[in-house]
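Note sheet for the following structure.
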Amino acid sequence: MVTSDQRRRQLAREKYERQQKRRAEARRKARQRAAVIGAAVAVVVATLVGLVVGGVFDKDKKDQAADPAANPSASPSPKQSPSPAMAIDKNAKYTFDLKTSAGEIKFEMDAAKTPETVNSFKSLADKGFFDNTKCHRLTTSGIFVLQCGDPQGTGMGGPGYTIADENLDSLGKPNEQGQVIYPAGTVAMANTGQPHSGGSQFFLVYKDSPLAPSYTPFGKIDAAGLKVLEAVAKAGTADGGQDGAPKTPVTVEKGAVTRN
């Protein structure tokens, strides 16, 4: 016959075993949540890395090899060139017209807000810099952009000079993660991840994208151009991944900047 003392000890042991089981289950679920969150963060980080591009390289930069998008072993640094003298009307608006193999994409640029950027793009376009260049990168997760402006088509080319960041506070106050929303239709500068390191590469946002306010927003795509972008994005990347060359090739056949 089981005494009351033995029964109490048995109940206590069973209670302890149940507690241990619940704690083990809680730890297992916590590990699963951490793994899921880690995977999600990895996708976003991998996506954002491509915006830190080798649009312009500094030959003296020591840490380029640590950034796969700015690896000097993949391509020699472009010869350094002087930035263009200011030659635009800072009070005017300009239109950048990209005639591409996927369709025409136009966006308006406000020189009053981004004079250095507009001046640089007009100077480059007038020289035919963007003609016959590829939009080399499409992202379809985390952020939603098509990236263009590299004469090499590799993500490592540029004009040989840098321009200053501008208009960075125009998209509002960053959230707790230090991000703002770059709305669909925005055109912004890519850079090396360092301040004032933009060159000729830019990205076209086809869907609202959360980013740190580190990329000069300097243009607004018209409705017809946004539809072209959305069609390119819908086809996805060439390899079916979330970040890579677009499956629908986009070549800028002619890039021209005109005053409105």
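By order of appearance in the structure tokens: chains A, B, ..., then residues from 1 within every chain, and ligands from 1 in the order shown.
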- Task: Mind checking which residues fall within 12 Å of Gly178 (chain A), counting only C-alpha atoms, ignoring those fewer than 5 positions away in the same chain, and posting them as a list in words?
- Result: Gly172, Lys173, Pro210, Leu211, Ala212, Pro213 and Ser214 of chain A
- Message: Among region 122-219 of chain A, which ones does DSSP assign to strand (DSSP E or B) (computed from the backbone)? Answer as an MDAnalysis selection string.
- Response: chainID A and resid 133:134 137:139 141 143 145:148 150 163 180:182 186:189 191 198 202:205 209:211 217:219
File dump, residues just selected, N, CA and C atoms, as an mmCIF file, in the first residue's frame:
```cif
data_model
loop_
_atom_site.group_PDB
_atom_site.id
_atom_site.type_symbol
_atom_site.label_atom_id
_atom_site.label_comp_id
_atom_site.auth_asym_id
_atom_site.auth_seq_id
_atom_site.Cartn_x
_atom_site.Cartn_y
_atom_site.Cartn_z
ATOM 1 N N THR A 133 24.365 50.653 -72.020
ATOM 2 C CA THR A 133 24.761 50.061 -70.735
ATOM 3 C C THR A 133 23.629 49.182 -70.212
ATOM 4 N N LYS A 134 23.980 48.191 -69.391
ATOM 5 C CA LYS A 134 22.992 47.270 -68.857
ATOM 6 C C LYS A 134 22.542 47.669 -67.455
ATOM 7 N N ARG A 137 21.240 44.649 -62.146
ATOM 8 C CA ARG A 137 20.824 44.015 -60.896
ATOM 9 C C ARG A 137 19.352 44.287 -60.579
ATOM 10 N N LEU A 138 18.638 43.211 -60.231
ATOM 11 C CA LEU A 138 17.243 43.294 -59.803
ATOM 12 C C LEU A 138 17.120 42.621 -58.440
ATOM 13 N N THR A 139 16.432 43.274 -57.510
ATOM 14 C CA THR A 139 16.161 42.653 -56.213
ATOM 15 C C THR A 139 14.651 42.499 -56.066
ATOM 16 N N SER A 141 13.229 40.929 -53.031
ATOM 17 C CA SER A 141 12.875 40.635 -51.644
ATOM 18 C C SER A 141 13.610 41.600 -50.734
ATOM 19 N N ILE A 143 14.141 44.642 -50.384
ATOM 20 C CA ILE A 143 13.990 45.898 -51.118
ATOM 21 C C ILE A 143 13.660 45.531 -52.556
ATOM 22 N N VAL A 145 14.210 46.921 -56.236
ATOM 23 C CA VAL A 145 14.853 47.909 -57.089
ATOM 24 C C VAL A 145 15.479 47.264 -58.320
ATOM 25 N N LEU A 146 15.624 48.069 -59.363
ATOM 26 C CA LEU A 146 16.425 47.725 -60.532
ATOM 27 C C LEU A 146 17.581 48.703 -60.553
ATOM 28 N N GLN A 147 18.787 48.185 -60.641
ATOM 29 C CA GLN A 147 19.975 49.031 -60.546
ATOM 30 C C GLN A 147 20.642 49.164 -61.911
ATOM 31 N N CYS A 148 21.009 50.403 -62.253
ATOM 32 C CA CYS A 148 21.562 50.720 -63.572
ATOM 33 C C CYS A 148 22.733 51.706 -63.407
ATOM 34 N N ASP A 150 25.972 51.454 -64.618
ATOM 35 C CA ASP A 150 27.344 50.960 -64.612
ATOM 36 C C ASP A 150 27.783 50.681 -66.048
ATOM 37 N N ILE A 163 30.357 62.192 -56.173
ATOM 38 C CA ILE A 163 29.551 63.391 -55.938
ATOM 39 C C ILE A 163 28.996 63.345 -54.518
ATOM 40 N N VAL A 180 14.046 54.497 -43.536
ATOM 41 C CA VAL A 180 12.911 55.247 -44.068
ATOM 42 C C VAL A 180 12.386 54.463 -45.270
ATOM 43 N N ILE A 181 11.218 54.849 -45.738
ATOM 44 C CA ILE A 181 10.659 54.192 -46.920
ATOM 45 C C ILE A 181 11.027 54.991 -48.167
ATOM 46 N N TYR A 182 11.683 54.315 -49.089
ATOM 47 C CA TYR A 182 11.898 54.862 -50.434
ATOM 48 C C TYR A 182 10.681 54.426 -51.254
ATOM 49 N N THR A 186 10.653 56.089 -56.864
ATOM 50 C CA THR A 186 11.825 56.878 -56.499
ATOM 51 C C THR A 186 13.050 56.415 -57.292
ATOM 52 N N VAL A 187 13.894 57.382 -57.659
ATOM 53 C CA VAL A 187 15.209 57.078 -58.224
ATOM 54 C C VAL A 187 16.241 57.602 -57.243
ATOM 55 N N ALA A 188 17.205 56.770 -56.868
ATOM 56 C CA ALA A 188 18.196 57.167 -55.867
ATOM 57 C C ALA A 188 19.583 56.691 -56.276
ATOM 58 N N MET A 189 20.587 57.328 -55.699
ATOM 59 C CA MET A 189 21.978 56.984 -55.988
ATOM 60 C C MET A 189 22.407 55.745 -55.216
ATOM 61 N N ASN A 191 25.866 53.705 -53.805
ATOM 62 C CA ASN A 191 27.164 54.203 -53.352
ATOM 63 C C ASN A 191 28.013 53.074 -52.792
ATOM 64 N N GLY A 198 28.859 58.429 -54.171
ATOM 65 C CA GLY A 198 28.082 58.100 -55.361
ATOM 66 C C GLY A 198 28.856 58.394 -56.625
ATOM 67 N N PHE A 202 22.694 54.066 -60.154
ATOM 68 C CA PHE A 202 21.467 54.506 -59.496
ATOM 69 C C PHE A 202 20.490 53.350 -59.479
ATOM 70 N N PHE A 203 19.486 53.449 -58.605
ATOM 71 C CA PHE A 203 18.483 52.389 -58.571
ATOM 72 C C PHE A 203 17.078 52.959 -58.696
ATOM 73 N N LEU A 204 16.254 52.193 -59.395
ATOM 74 C CA LEU A 204 14.867 52.551 -59.677
ATOM 75 C C LEU A 204 13.981 51.696 -58.783
ATOM 76 N N VAL A 205 13.215 52.340 -57.920
ATOM 77 C CA VAL A 205 12.388 51.622 -56.946
ATOM 78 C C VAL A 205 11.016 51.330 -57.563
ATOM 79 N N SER A 209 10.292 50.463 -50.474
ATOM 80 C CA SER A 209 11.448 49.726 -49.956
ATOM 81 C C SER A 209 12.030 50.411 -48.724
ATOM 82 N N PRO A 210 12.204 49.668 -47.612
ATOM 83 C CA PRO A 210 12.813 50.242 -46.407
ATOM 84 C C PRO A 210 14.335 50.219 -46.506
ATOM 85 N N LEU A 211 14.931 51.393 -46.330
ATOM 86 C CA LEU A 211 16.392 51.528 -46.428
ATOM 87 C C LEU A 211 16.870 52.591 -45.466
ATOM 88 N N PRO A 217 17.997 60.531 -52.895
ATOM 89 C CA PRO A 217 16.828 60.416 -53.764
ATOM 90 C C PRO A 217 16.782 61.640 -54.677
ATOM 91 N N PHE A 218 16.802 61.405 -55.980
ATOM 92 C CA PHE A 218 16.918 62.563 -56.878
ATOM 93 C C PHE A 218 15.950 62.546 -58.046
ATOM 94 N N GLY A 219 15.080 61.543 -58.135
ATOM 95 C CA GLY A 219 14.164 61.511 -59.260
ATOM 96 C C GLY A 219 12.854 60.839 -58.933
#
```
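The space separating CA of Met156 (chain A) from CA of Gly241 (chain A) comes to 20.6 Å.
Going from CA of Pro195 (chain A) over to CA of Lys220 (chain A), you cover 22.5 Å.
Among the candidates A:Thr140, A:Gln19, A:Gln179, A:Asn260, the one nearest to Gly240 (chain A) when counting only C-alpha atoms is A:Thr140.
The shell of residues at most 8 Å from Val118 (chain A), with only C-alpha atoms counted and near chain neighbours (fewer than 2 positions) removed, consists of A:Ile88, A:Tyr94, A:Met109, A:Asp110, A:Ala111, A:Thr114, A:Pro115, A:Glu116, A:Ser120, A:Phe121, A:Lys122, A:Phe218.
Across A:Ile221, A:Ala112, A:Ala125, A:Leu171, the tightest approach to Val257 (chain A) is made by A:Ala125 when counting only C-alpha atoms.
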- Message: I'd like the contact shell of Ala245 (chain A) - 8 Å cut-off, only C-alpha atoms, skipping same-chain residues fewer than 6 positions apart - returned as a PyMOL selection string.
- Response: chain A and resi 135-138+237-239
- Restricting to only C-alpha atoms, whichever of A:Asp208, A:Asp97, A:Glu176, A:Glu230 is closest to Pro246 (chain A) is A:Glu230
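Coordinates place CA of Phe107 (chain A) at a distance of 23.6 Å from CA of Gly244 (chain A).
Comparing the minimum interatomic distances between Gly142 (chain A) and each of A:Glu17, A:Glu25, A:Glu253, A:Asp243, counting only C-alpha atoms, we find that A:Asp243 sits nearest.
Candidate residues A:Asp169, A:Ser197, A:Gln152, A:Asp222 were compared for distance to Ala184 (chain A), and the nearest is A:Asp222, using only C-alpha atoms.
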- Query: Which parts of region 59-234 of chain A does DSSP call alpha helix (DSSP H) when run on the backbone here, written out as a PyMOL selection string?
  - Reply: chain A and resi 115-126+223-234
Can you list, as an mmCIF file with N, CA, C and O atoms, in the first residue's frame, every protein, DNA or RNA residue that comes within 12 Å of Ser83 (chain A) when you count only C-alpha atoms, leaving out same-chain residues fewer than 3 positions away?
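The result, written out as selection_17.cif:
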```
data_model
loop_
_atom_site.group_PDB
_atom_site.id
_atom_site.type_symbol
_atom_site.label_atom_id
_atom_site.label_comp_id
_atom_site.auth_asym_id
_atom_site.auth_seq_id
_atom_site.Cartn_x
_atom_site.Cartn_y
_atom_site.Cartn_z
ATOM 1 N N GLN A 80 40.870 58.066 -62.455
ATOM 2 C CA GLN A 80 40.202 59.163 -61.795
ATOM 3 C C GLN A 80 39.998 60.328 -62.768
ATOM 4 O O GLN A 80 40.893 60.683 -63.537
ATOM 5 N N MET A 86 29.798 73.002 -62.520
ATOM 6 C CA MET A 86 28.360 73.255 -62.473
ATOM 7 C C MET A 86 27.917 73.969 -63.750
ATOM 8 O O MET A 86 28.420 75.041 -64.078
ATOM 9 N N ALA A 87 26.978 73.361 -64.468
ATOM 10 C CA ALA A 87 26.564 73.925 -65.751
ATOM 11 C C ALA A 87 25.051 73.879 -65.935
ATOM 12 O O ALA A 87 24.559 74.096 -67.044
ATOM 13 N N GLU A 116 24.073 68.893 -57.394
ATOM 14 C CA GLU A 116 25.287 68.173 -57.767
ATOM 15 C C GLU A 116 24.953 66.905 -58.542
ATOM 16 O O GLU A 116 25.608 66.569 -59.542
ATOM 17 N N THR A 117 23.927 66.197 -58.097
ATOM 18 C CA THR A 117 23.533 64.951 -58.752
ATOM 19 C C THR A 117 22.988 65.219 -60.149
ATOM 20 O O THR A 117 23.386 64.563 -61.122
ATOM 21 N N ASN A 119 23.479 67.828 -62.054
ATOM 22 C CA ASN A 119 24.552 68.338 -62.905
ATOM 23 C C ASN A 119 25.437 67.202 -63.419
ATOM 24 O O ASN A 119 25.804 67.159 -64.596
ATOM 25 N N SER A 120 25.767 66.274 -62.536
ATOM 26 C CA SER A 120 26.606 65.148 -62.929
ATOM 27 C C SER A 120 25.912 64.274 -63.968
ATOM 28 O O SER A 120 26.511 63.882 -64.982
ATOM 29 N N PHE A 121 24.632 63.972 -63.744
ATOM 30 C CA PHE A 121 23.921 63.101 -64.668
ATOM 31 C C PHE A 121 23.727 63.763 -66.029
ATOM 32 O O PHE A 121 23.812 63.089 -67.062
ATOM 33 N N SER A 123 25.775 66.004 -67.344
ATOM 34 C CA SER A 123 27.097 66.006 -67.964
ATOM 35 C C SER A 123 27.423 64.632 -68.559
ATOM 36 O O SER A 123 27.901 64.518 -69.699
ATOM 37 N N LEU A 124 27.150 63.565 -67.802
ATOM 38 C CA LEU A 124 27.430 62.213 -68.291
ATOM 39 C C LEU A 124 26.542 61.851 -69.475
ATOM 40 O O LEU A 124 27.007 61.284 -70.469
ATOM 41 N N GLY A 158 32.082 53.064 -62.867
ATOM 42 C CA GLY A 158 31.665 54.420 -62.529
ATOM 43 C C GLY A 158 32.348 55.437 -63.407
ATOM 44 O O GLY A 158 33.104 55.084 -64.314
ATOM 45 N N PRO A 159 32.105 56.707 -63.139
ATOM 46 C CA PRO A 159 32.656 57.760 -63.988
ATOM 47 C C PRO A 159 34.076 58.172 -63.617
ATOM 48 O O PRO A 159 34.693 58.967 -64.318
ATOM 49 N N GLY A 160 34.600 57.660 -62.483
ATOM 50 C CA GLY A 160 35.950 58.033 -62.068
ATOM 51 C C GLY A 160 35.992 59.189 -61.097
ATOM 52 O O GLY A 160 37.064 59.663 -60.735
ATOM 53 N N TYR A 161 34.803 59.657 -60.659
ATOM 54 C CA TYR A 161 34.758 60.711 -59.644
ATOM 55 C C TYR A 161 33.561 60.446 -58.754
ATOM 56 O O TYR A 161 32.707 59.613 -59.055
ATOM 57 N N THR A 162 33.493 61.142 -57.636
ATOM 58 C CA THR A 162 32.365 60.989 -56.719
ATOM 59 C C THR A 162 31.609 62.306 -56.603
ATOM 60 O O THR A 162 32.150 63.379 -56.882
ATOM 61 N N ILE A 163 30.357 62.192 -56.173
ATOM 62 C CA ILE A 163 29.551 63.391 -55.938
ATOM 63 C C ILE A 163 28.996 63.345 -54.518
ATOM 64 O O ILE A 163 28.880 62.280 -53.916
ATOM 65 N N ALA A 164 28.673 64.506 -54.013
ATOM 66 C CA ALA A 164 28.205 64.619 -52.625
ATOM 67 C C ALA A 164 26.795 64.060 -52.462
ATOM 68 O O ALA A 164 25.979 64.108 -53.392
ATOM 69 N N GLY A 198 28.859 58.429 -54.171
ATOM 70 C CA GLY A 198 28.082 58.100 -55.361
ATOM 71 C C GLY A 198 28.856 58.394 -56.625
ATOM 72 O O GLY A 198 29.725 59.274 -56.664
ATOM 73 N N GLY A 199 28.538 57.667 -57.687
ATOM 74 C CA GLY A 199 29.195 57.883 -58.977
ATOM 75 C C GLY A 199 28.170 58.022 -60.077
ATOM 76 O O GLY A 199 27.543 59.064 -60.241
ATOM 77 N N SER A 200 27.965 56.950 -60.836
ATOM 78 C CA SER A 200 26.973 56.971 -61.917
ATOM 79 C C SER A 200 25.880 55.935 -61.709
ATOM 80 O O SER A 200 24.865 55.957 -62.409
#
```
- Long-range neighbours of Val232 (chain A) as a ChimeraX atom specification, 8 Å cut-off, only C-alpha atoms, 5 positions minimum in chain: /A:102,246-248
Using the selection just defined, write its residues with C-alpha atoms as a short mmCIF file (atom, residue, chain, number, x, y, z; two decimals), in the first residue's frame.
```cif
data_model
loop_
_atom_site.label_atom_id
_atom_site.label_comp_id
_atom_site.auth_asym_id
_atom_site.auth_seq_id
_atom_site.Cartn_x
_atom_site.Cartn_y
_atom_site.Cartn_z
CA ALA A 102 12.33 46.80 -72.05
CA PRO A 246 17.01 40.52 -64.41
CA LYS A 247 15.53 37.68 -66.45
CA THR A 248 14.21 40.30 -68.87
#
```
- Which residue, A:Pro174, A:Gly128, A:Gly185, A:Pro82, has the smallest gap to Ala224 (chain A) when you use only C-alpha atoms? A:Gly185
